[in-house]
4 protein chains.
Amino acid sequence: MKPAATKVKARRVVAASKNTALVRDRRTQLVGAAIEVFGKKGFHATTVRDIGRVSRLTQGTIYNYVRSKEDILFLVCDRIVTEYQDSVRRALAVEGDAIARLRAALRGIVGVMHEHQDTILLLYHESHNLDRRSLRTILARVHEFIESFERLLAEANEEKRLQMTDVRLSANIVTYLPTMLALRRWALPKDLTSEQIINDTVGFMLRGLGIVDKQPTRSFPLRG
Amino acid sequence: MKPAATKVKARRVVAASKNTALVRDRRTQLVGAAIEVFGKKGFHATTVRDIGRVSRLTQGTIYNYVRSKEDILFLVCDRIVTEYQDSVRRALAVEGDAIARLRAALRGIVGVMHEHQDTILLLYHESHNLDRRSLRTILARVHEFIESFERLLAEANEEKRLQMTDVRLSANIVTYLPTMLALRRWALPKDLTSEQIINDTVGFMLRGLGIVDKQPTRSFPLRG
Amino acid sequence: MKPAATKVKARRVVAASKNTALVRDRRTQLVGAAIEVFGKKGFHATTVRDIGRVSRLTQGTIYNYVRSKEDILFLVCDRIVTEYQDSVRRALAVEGDAIARLRAALRGIVGVMHEHQDTILLLYHESHNLDRRSLRTILARVHEFIESFERLLAEANEEKRLQMTDVRLSANIVTYLPTMLALRRWALPKDLTSEQIINDTVGFMLRGLGIVDKQPTRSFPLRG
Amino acid sequence: MKPAATKVKARRVVAASKNTALVRDRRTQLVGAAIEVFGKKGFHATTVRDIGRVSRLTQGTIYNYVRSKEDILFLVCDRIVTEYQDSVRRALAVEGDAIARLRAALRGIVGVMHEHQDTILLLYHESHNLDRRSLRTILARVHEFIESFERLLAEANEEKRLQMTDVRLSANIVTYLPTMLALRRWALPKDLTSEQIINDTVGFMLRGLGIVDKQPTRSFPLRG
DNA sequence: AATGAATGAGACTTCATTCAT
DNA sequence: CATGAATGAAGTCTCATTCAT
């Protein structure tokens, strides 16, 4: 497994103000507001004024804590990835054998993706508006997180030969597929509960990894 | 399965010119150029001039065949979805029992997604810049195509009880997961050939659907 | 009285075509259509295409008979003034003593102004979009026509001392006031018939000129 | 007489800035400049840059105080009508019997029209470039002002039977005719002083209303 | 540190006019 | 003579960013 060698010199957002506590607070305000409006109107359609209106900061003030509108987008993406990572990390912190931990982790990530639908959507819609450097920083964070799954899968594979070929590819699959809950929201079956969708998606992934799902499967629903 | 009731009043792009052949030609020029530049710089960073430069049409001329920059984006999305649909349709046109056709279809869709990486990326990045009406038209097209998988899955399930729960959800999964090849391009293992990535992804999906992959699986590669 | 010394070198509209009969016909088409659309949308809001649509001439064809959009406006103003002049000339062609002729003329001009409301409005709204030269040509035509009233007033004054001071000023007044029927259309009393409005306006002018109106005046209507 | 029922929901021009004093000042600048350039080149031929140049405001700044170029035209018309109304109101504020007041008012309005020639011209030339709503607001203002004459005429008529038929029509006449001084500027006799033109026009109106002008009339000037 | 007015580059779009067919 | 596609200049308006207060 590749080590943290991929370490990218992290992009920094510089502030005019030196008061770090204040900077942190104001940026929190800013990012919260930005997530709200970016989510509604998209990055480009949103004006700095819009963000100011919602965050209750005036334009001039905003530029005390950020150097450009794109900085805000970066902070937004950063916050989203961080929250997402934290949630998943909590989900990964389960005791037990590797297989059990993997099971929990998959369930965890799907659940998180379901909860954070809106921000995930935002991330996928707008992150490519970042400049190369910023984007790379964000992607590196995501990478770390894919790698944590890569490690988990490797361990599980040690423990019990899985029907899995490449761990990195598998890690990508199990971290990517759950985003479907956000990006395909409009097409998912309306007659299933979130719980059912989550369960079935997890089941699919387990089988895909070659782990037999011992839980009784729901009977096949007749549709249409 | 929902019938054609979902039919959305399709959005139309109107042209100033009445000469349909010419309109078709010019739009082809236009869309080709737009795909190129949108792909590089994104929709918003691209100016109508940019498109004109690449398509060798002057600004004024462009507006003879399209009424707004957003019209161009719509035509771009439309073309992408159409080509994608056609490719998949070809892949679905295989003789044999339902399971065999499903196998072929999965392989087909993953292959197509791999080939059309750039445009799929473009579609996912920029389609949300469309207005509601246009977006709905595009999504309706995607929906049709998810439904064709839904039908295929239902047939396969008739033939041989699959370990599958909801066909619609499954159809979403197998049509969504392949987009990973485009959207996760940057994170996929560099040491695998495209062929391997495609095979493994298909394998994962087959297992996920409860179909045992009888092909000898590649031996597990030791990584890192 | 100033003679035709005011003669302005008349502005000419040149055509690409040499076939004078055709030129005349096409221009007639053109002007008719232009009056219609200019009247509705104004000169600037009207495109050459609009005129083409209504006149059933294509853009290219239009430019065979005219050299610019402004040429069309000139032709329009010219036609309006001409028709107006002709109508008034007919009204002036009455037998009798000067006072009788004046009476008839006043009635005539008010009537004409009432009939030609729309075009008069157009003339007053758009003529100042003409270039200096064109405008002067049009105004010269109007001038001629003011002068014809000037002559008439002078004759009437010879015949019977009027309570009139300056004939030119008076001529301006009696040729200007009737335009009120077009320009104040929106403010005129809705409960009077056109006939009444015309009569009263003529009566006002006659008294203004010091000619006693022998016709029985309508009784004073109690209002509001 | 129509009561205040005519009250039109007044069109408002909204500003980005909240500082009302500043908004007022900047708009004053803006309107002054606009009157100047619109007067010279007309509304359509004038660019926002032109207005900026004269008002010493940059384009961006202008749009802080106004939302469109048409807003500026509205403000211009509004200012013109207001000034005009104020001037006339002052002229109407004369002590004495109704006839005396009417006399003063007529003289006043003609004088004002003479003074404000340029802006009146502008008003008549460009006001129809306003959208329906704005135009109605402006016309409503003019209406009020016609009505004030209507009232005055009614009073005068009570006092001493005038040879006047419909007060509303008469009010229109006496408020319309004076605009001749602006719109017929080019045709008015050059050999009369403004004073003479004003006097004669007032005389004409008084006679038209059936009020005998007791002032000795200038002797008839021999012309041409 | 906060404010919000000012700036000006730049985008989209329209449309009169030209010209090859 | 008719057509209508092509042209490109020019205009309005937006908005990220700066800066004096």
# chains A, B, ... in the order shown; residues from 1 in each chain; ligands from 1
>>> closest_atom_pairs(of="chain A", to="chain E", cutoff="7 Å", atoms="only C-alpha atoms (C1' of nucleotides)", output="Markdown table")
| residue | atom | partner | partner_atom | distance |
| --- | --- | --- | --- | --- |
| A:Thr58 | CA | E:DT3 | C1' | 7.0 |
| A:Gly60 | CA | E:DT3 | C1' | 6.6 |
| A:Thr61 | CA | E:DA2 | C1' | 6.0 |
>>> residues_around(residues="region 79-81 of chain C", least_positions_apart="3", cutoff="12 Å", atoms="only C-alpha atoms (C1' of nucleotides)", output="CSV table (one decimal) with N, CA and C atoms, in the first residue's frame")
chain,number,residue,atom,x,y,z
C,27,ARG,N,-41.2,50.2,-52.1
C,27,ARG,CA,-41.2,51.1,-51.0
C,27,ARG,C,-42.5,51.3,-50.4
C,28,THR,N,-43.6,51.3,-51.2
C,28,THR,CA,-44.9,51.4,-50.7
C,28,THR,C,-45.2,50.3,-49.7
C,29,GLN,N,-44.8,49.1,-50.1
C,29,GLN,CA,-44.9,47.9,-49.2
C,29,GLN,C,-44.2,48.2,-47.9
C,30,LEU,N,-43.0,48.6,-48.1
C,30,LEU,CA,-42.1,48.8,-47.0
C,30,LEU,C,-42.6,49.8,-46.0
C,31,VAL,N,-43.0,50.9,-46.5
C,31,VAL,CA,-43.5,52.0,-45.7
C,31,VAL,C,-44.7,51.6,-44.9
C,32,GLY,N,-45.6,50.9,-45.6
C,32,GLY,CA,-46.8,50.5,-44.9
C,32,GLY,C,-46.5,49.6,-43.8
C,34,ALA,N,-43.7,49.4,-42.2
C,34,ALA,CA,-42.9,50.1,-41.2
C,34,ALA,C,-43.8,51.0,-40.3
C,35,ILE,N,-44.8,51.6,-40.9
C,35,ILE,CA,-45.7,52.5,-40.1
C,35,ILE,C,-46.4,51.6,-39.1
C,72,ILE,N,-35.7,54.2,-44.1
C,72,ILE,CA,-37.1,53.8,-44.0
C,72,ILE,C,-37.9,54.8,-43.1
C,73,LEU,N,-37.2,55.2,-42.1
C,73,LEU,CA,-37.9,56.2,-41.2
C,73,LEU,C,-38.2,57.4,-42.0
C,74,PHE,N,-37.2,57.8,-42.8
C,74,PHE,CA,-37.4,59.0,-43.6
C,74,PHE,C,-38.6,58.8,-44.5
C,75,LEU,N,-38.7,57.7,-45.2
C,75,LEU,CA,-39.8,57.5,-46.1
C,75,LEU,C,-41.1,57.5,-45.4
C,76,VAL,N,-41.1,56.9,-44.2
C,76,VAL,CA,-42.3,56.9,-43.4
C,76,VAL,C,-42.7,58.3,-43.0
C,84,TYR,N,-50.9,63.8,-45.0
C,84,TYR,CA,-51.5,64.8,-44.1
C,84,TYR,C,-51.7,66.1,-44.9
C,85,GLN,N,-50.7,66.4,-45.7
C,85,GLN,CA,-50.8,67.6,-46.5
C,85,GLN,C,-51.9,67.5,-47.5
C,86,ASP,N,-52.0,66.4,-48.1
C,86,ASP,CA,-53.0,66.2,-49.2
C,86,ASP,C,-54.4,66.3,-48.6
C,87,SER,N,-54.5,65.7,-47.4
C,87,SER,CA,-55.9,65.8,-46.8
C,87,SER,C,-56.2,67.2,-46.5
C,88,VAL,N,-55.2,67.9,-45.9
C,88,VAL,CA,-55.5,69.3,-45.6
C,88,VAL,C,-55.7,70.2,-46.8
C,89,ARG,N,-55.0,69.9,-47.9
C,89,ARG,CA,-55.1,70.6,-49.1
C,89,ARG,C,-56.6,70.5,-49.6
C,112,VAL,N,-58.8,66.0,-40.0
C,112,VAL,CA,-57.7,65.2,-40.5
C,112,VAL,C,-56.8,64.7,-39.3
C,113,MET,N,-56.5,65.6,-38.4
C,113,MET,CA,-55.7,65.2,-37.3
C,113,MET,C,-56.3,64.1,-36.5
C,116,HIS,N,-56.0,60.9,-38.6
C,116,HIS,CA,-54.6,60.4,-38.7
C,116,HIS,C,-53.9,60.3,-37.4
C,117,GLN,N,-54.6,60.2,-36.3
C,117,GLN,CA,-54.0,60.2,-35.0
C,117,GLN,C,-52.8,59.3,-34.9
C,118,ASP,N,-52.9,58.1,-35.3
C,118,ASP,CA,-51.8,57.1,-35.1
C,118,ASP,C,-50.5,57.6,-35.9
C,119,THR,N,-50.7,58.0,-37.1
C,119,THR,CA,-49.5,58.4,-37.8
C,119,THR,C,-48.9,59.7,-37.3
C,120,ILE,N,-49.8,60.6,-36.9
C,120,ILE,CA,-49.3,61.9,-36.3
C,120,ILE,C,-48.5,61.6,-35.1
C,121,LEU,N,-49.0,60.7,-34.3
C,121,LEU,CA,-48.3,60.3,-33.1
C,121,LEU,C,-46.9,59.7,-33.4
C,122,LEU,N,-46.9,58.9,-34.4
C,122,LEU,CA,-45.7,58.3,-34.9
C,122,LEU,C,-44.7,59.4,-35.3
C,123,LEU,N,-45.2,60.3,-36.1
C,123,LEU,CA,-44.4,61.4,-36.6
C,123,LEU,C,-43.7,62.2,-35.4
C,124,TYR,N,-44.6,62.5,-34.4
C,124,TYR,CA,-44.0,63.3,-33.3
C,124,TYR,C,-43.1,62.5,-32.4
C,126,GLU,N,-41.1,59.8,-33.4
C,126,GLU,CA,-39.9,59.2,-34.0
C,126,GLU,C,-39.1,60.2,-34.9
C,127,SER,N,-39.8,61.2,-35.4
C,127,SER,CA,-39.1,62.0,-36.4
C,127,SER,C,-37.7,62.5,-35.9
C,135,LEU,N,-34.4,65.5,-41.2
C,135,LEU,CA,-35.4,66.2,-40.4
C,135,LEU,C,-35.7,67.5,-41.0
C,137,THR,N,-35.6,68.3,-44.0
C,137,THR,CA,-36.5,68.1,-45.2
C,137,THR,C,-38.0,68.0,-44.8
C,138,ILE,N,-38.1,67.2,-43.8
C,138,ILE,CA,-39.5,66.9,-43.3
C,138,ILE,C,-40.1,68.2,-42.7
C,139,LEU,N,-39.3,68.9,-41.9
C,139,LEU,CA,-39.8,70.1,-41.3
C,139,LEU,C,-40.1,71.2,-42.4
C,140,ALA,N,-39.4,71.2,-43.4
C,140,ALA,CA,-39.6,72.1,-44.5
C,140,ALA,C,-41.0,71.8,-45.1
C,141,ARG,N,-41.3,70.6,-45.2
C,141,ARG,CA,-42.7,70.2,-45.7
C,141,ARG,C,-43.7,70.7,-44.8
C,142,VAL,N,-43.5,70.6,-43.5
C,142,VAL,CA,-44.5,71.0,-42.6
C,142,VAL,C,-44.6,72.6,-42.6
C,143,HIS,N,-43.4,73.1,-42.8
C,143,HIS,CA,-43.4,74.6,-42.9
C,143,HIS,C,-44.3,75.1,-44.1
C,144,GLU,N,-44.1,74.5,-45.2
C,144,GLU,CA,-44.9,74.9,-46.4
C,144,GLU,C,-46.4,74.9,-46.0
C,145,PHE,N,-46.7,74.0,-45.2
C,145,PHE,CA,-48.1,73.8,-44.9
C,145,PHE,C,-48.6,74.8,-43.9
>>> closest_atom_pairs(of="chain F", to="chain B", cutoff="12 Å", atoms="only C-alpha atoms (C1' of nucleotides)", output="JSON lines")
{"residue": "F:DG4", "atom": "C1'", "partner": "B:Ser17", "partner_atom": "CA", "distance": 8.3}
{"residue": "F:DA5", "atom": "C1'", "partner": "B:Thr61", "partner_atom": "CA", "distance": 7.9}
{"residue": "F:DA6", "atom": "C1'", "partner": "B:Thr61", "partner_atom": "CA", "distance": 6.1}
{"residue": "F:DT7", "atom": "C1'", "partner": "B:Gly60", "partner_atom": "CA", "distance": 6.7}
{"residue": "F:DG8", "atom": "C1'", "partner": "B:Gly60", "partner_atom": "CA", "distance": 7.3}
{"residue": "F:DA9", "atom": "C1'", "partner": "B:Gly60", "partner_atom": "CA", "distance": 10.7}
>>> atom_distance(atom1="CA of Arg132 (chain D)", atom2="CA of Phe149 (chain D)")
25.6 Å
>>> residues_around(residues="Thr193 (chain C)", least_positions_apart="5", cutoff="12 Å", atoms="only C-alpha atoms (C1' of nucleotides)", output="list in words")
His114, Leu188, Ile198, Asn199 and Asp200 of chain C; Asp166 and Leu169 of chain D
>>> write_last_selection(atoms="C-alpha atoms", output="short mmCIF file (atom, residue, chain, number, x, y, z; two decimals), in the first residue's frame")
data_model
loop_
_atom_site.label_atom_id
_atom_site.label_comp_id
_atom_site.auth_asym_id
_atom_site.auth_seq_id
_atom_site.Cartn_x
_atom_site.Cartn_y
_atom_site.Cartn_z
CA HIS C 114 -58.37 63.17 -35.68
CA LEU C 188 -59.34 63.87 -23.53
CA ILE C 198 -63.73 68.44 -33.03
CA ASN C 199 -66.43 71.09 -32.92
CA ASP C 200 -65.32 72.51 -29.63
CA ASP D 166 -66.38 71.27 -21.86
CA LEU D 169 -61.42 69.67 -23.11
#
>>> closest_residue(among="A:Ile99, A:Ala45, A:Leu92, A:Leu106", to="chain B", atoms="only C-alpha atoms")
A:Ala45
>>> closest_residue(among="B:Val202, B:Ala21, B:Ile211, B:Leu177", to="chain A", atoms="only C-alpha atoms")
B:Leu177
>>> closest_residue(among="C:Ser68, C:Pro189, C:Val14, C:Ser194", to="chain D", atoms="only C-alpha atoms")
C:Pro189
>>> select_by_dssp(residues="chain D", states="helix (DSSP H, G or I)", output="PyMOL selection string")
chain D and resi 4-6+20-41+48-55+59-65+69-92+98-115+117-129+132-159+167-183+185-187+194-208
>>> residues_around(residues="Glu195 (chain B)", least_positions_apart="6", cutoff="12 Å", atoms="only C-alpha atoms (C1' of nucleotides)", output="short mmCIF file (atom, residue, chain, number, x, y, z; two decimals) with N, CA and C atoms, in the first residue's frame")
data_model
loop_
_atom_site.label_atom_id
_atom_site.label_comp_id
_atom_site.auth_asym_id
_atom_site.auth_seq_id
_atom_site.Cartn_x
_atom_site.Cartn_y
_atom_site.Cartn_z
N ARG B 107 -20.74 -5.49 -18.79
CA ARG B 107 -19.45 -5.29 -19.40
C ARG B 107 -19.53 -4.11 -20.38
N VAL B 110 -19.72 -0.65 -18.54
CA VAL B 110 -18.45 -0.25 -17.95
C VAL B 110 -17.47 0.18 -19.04
N GLY B 111 -17.49 -0.61 -20.12
CA GLY B 111 -16.60 -0.26 -21.23
C GLY B 111 -16.92 1.12 -21.79
N HIS B 114 -15.84 3.86 -19.66
CA HIS B 114 -14.40 4.05 -19.72
C HIS B 114 -14.00 4.84 -20.96
N GLU B 115 -14.64 4.50 -22.06
CA GLU B 115 -14.36 5.20 -23.32
C GLU B 115 -14.75 6.67 -23.25
N LEU B 181 -15.34 5.21 -13.11
CA LEU B 181 -14.17 5.23 -13.99
C LEU B 181 -13.84 6.63 -14.47
N THR B 201 -14.36 -4.47 -12.08
CA THR B 201 -15.57 -3.73 -11.75
C THR B 201 -16.80 -4.55 -12.13
N VAL B 202 -16.74 -5.15 -13.30
CA VAL B 202 -17.86 -6.00 -13.72
C VAL B 202 -18.03 -7.16 -12.74
#
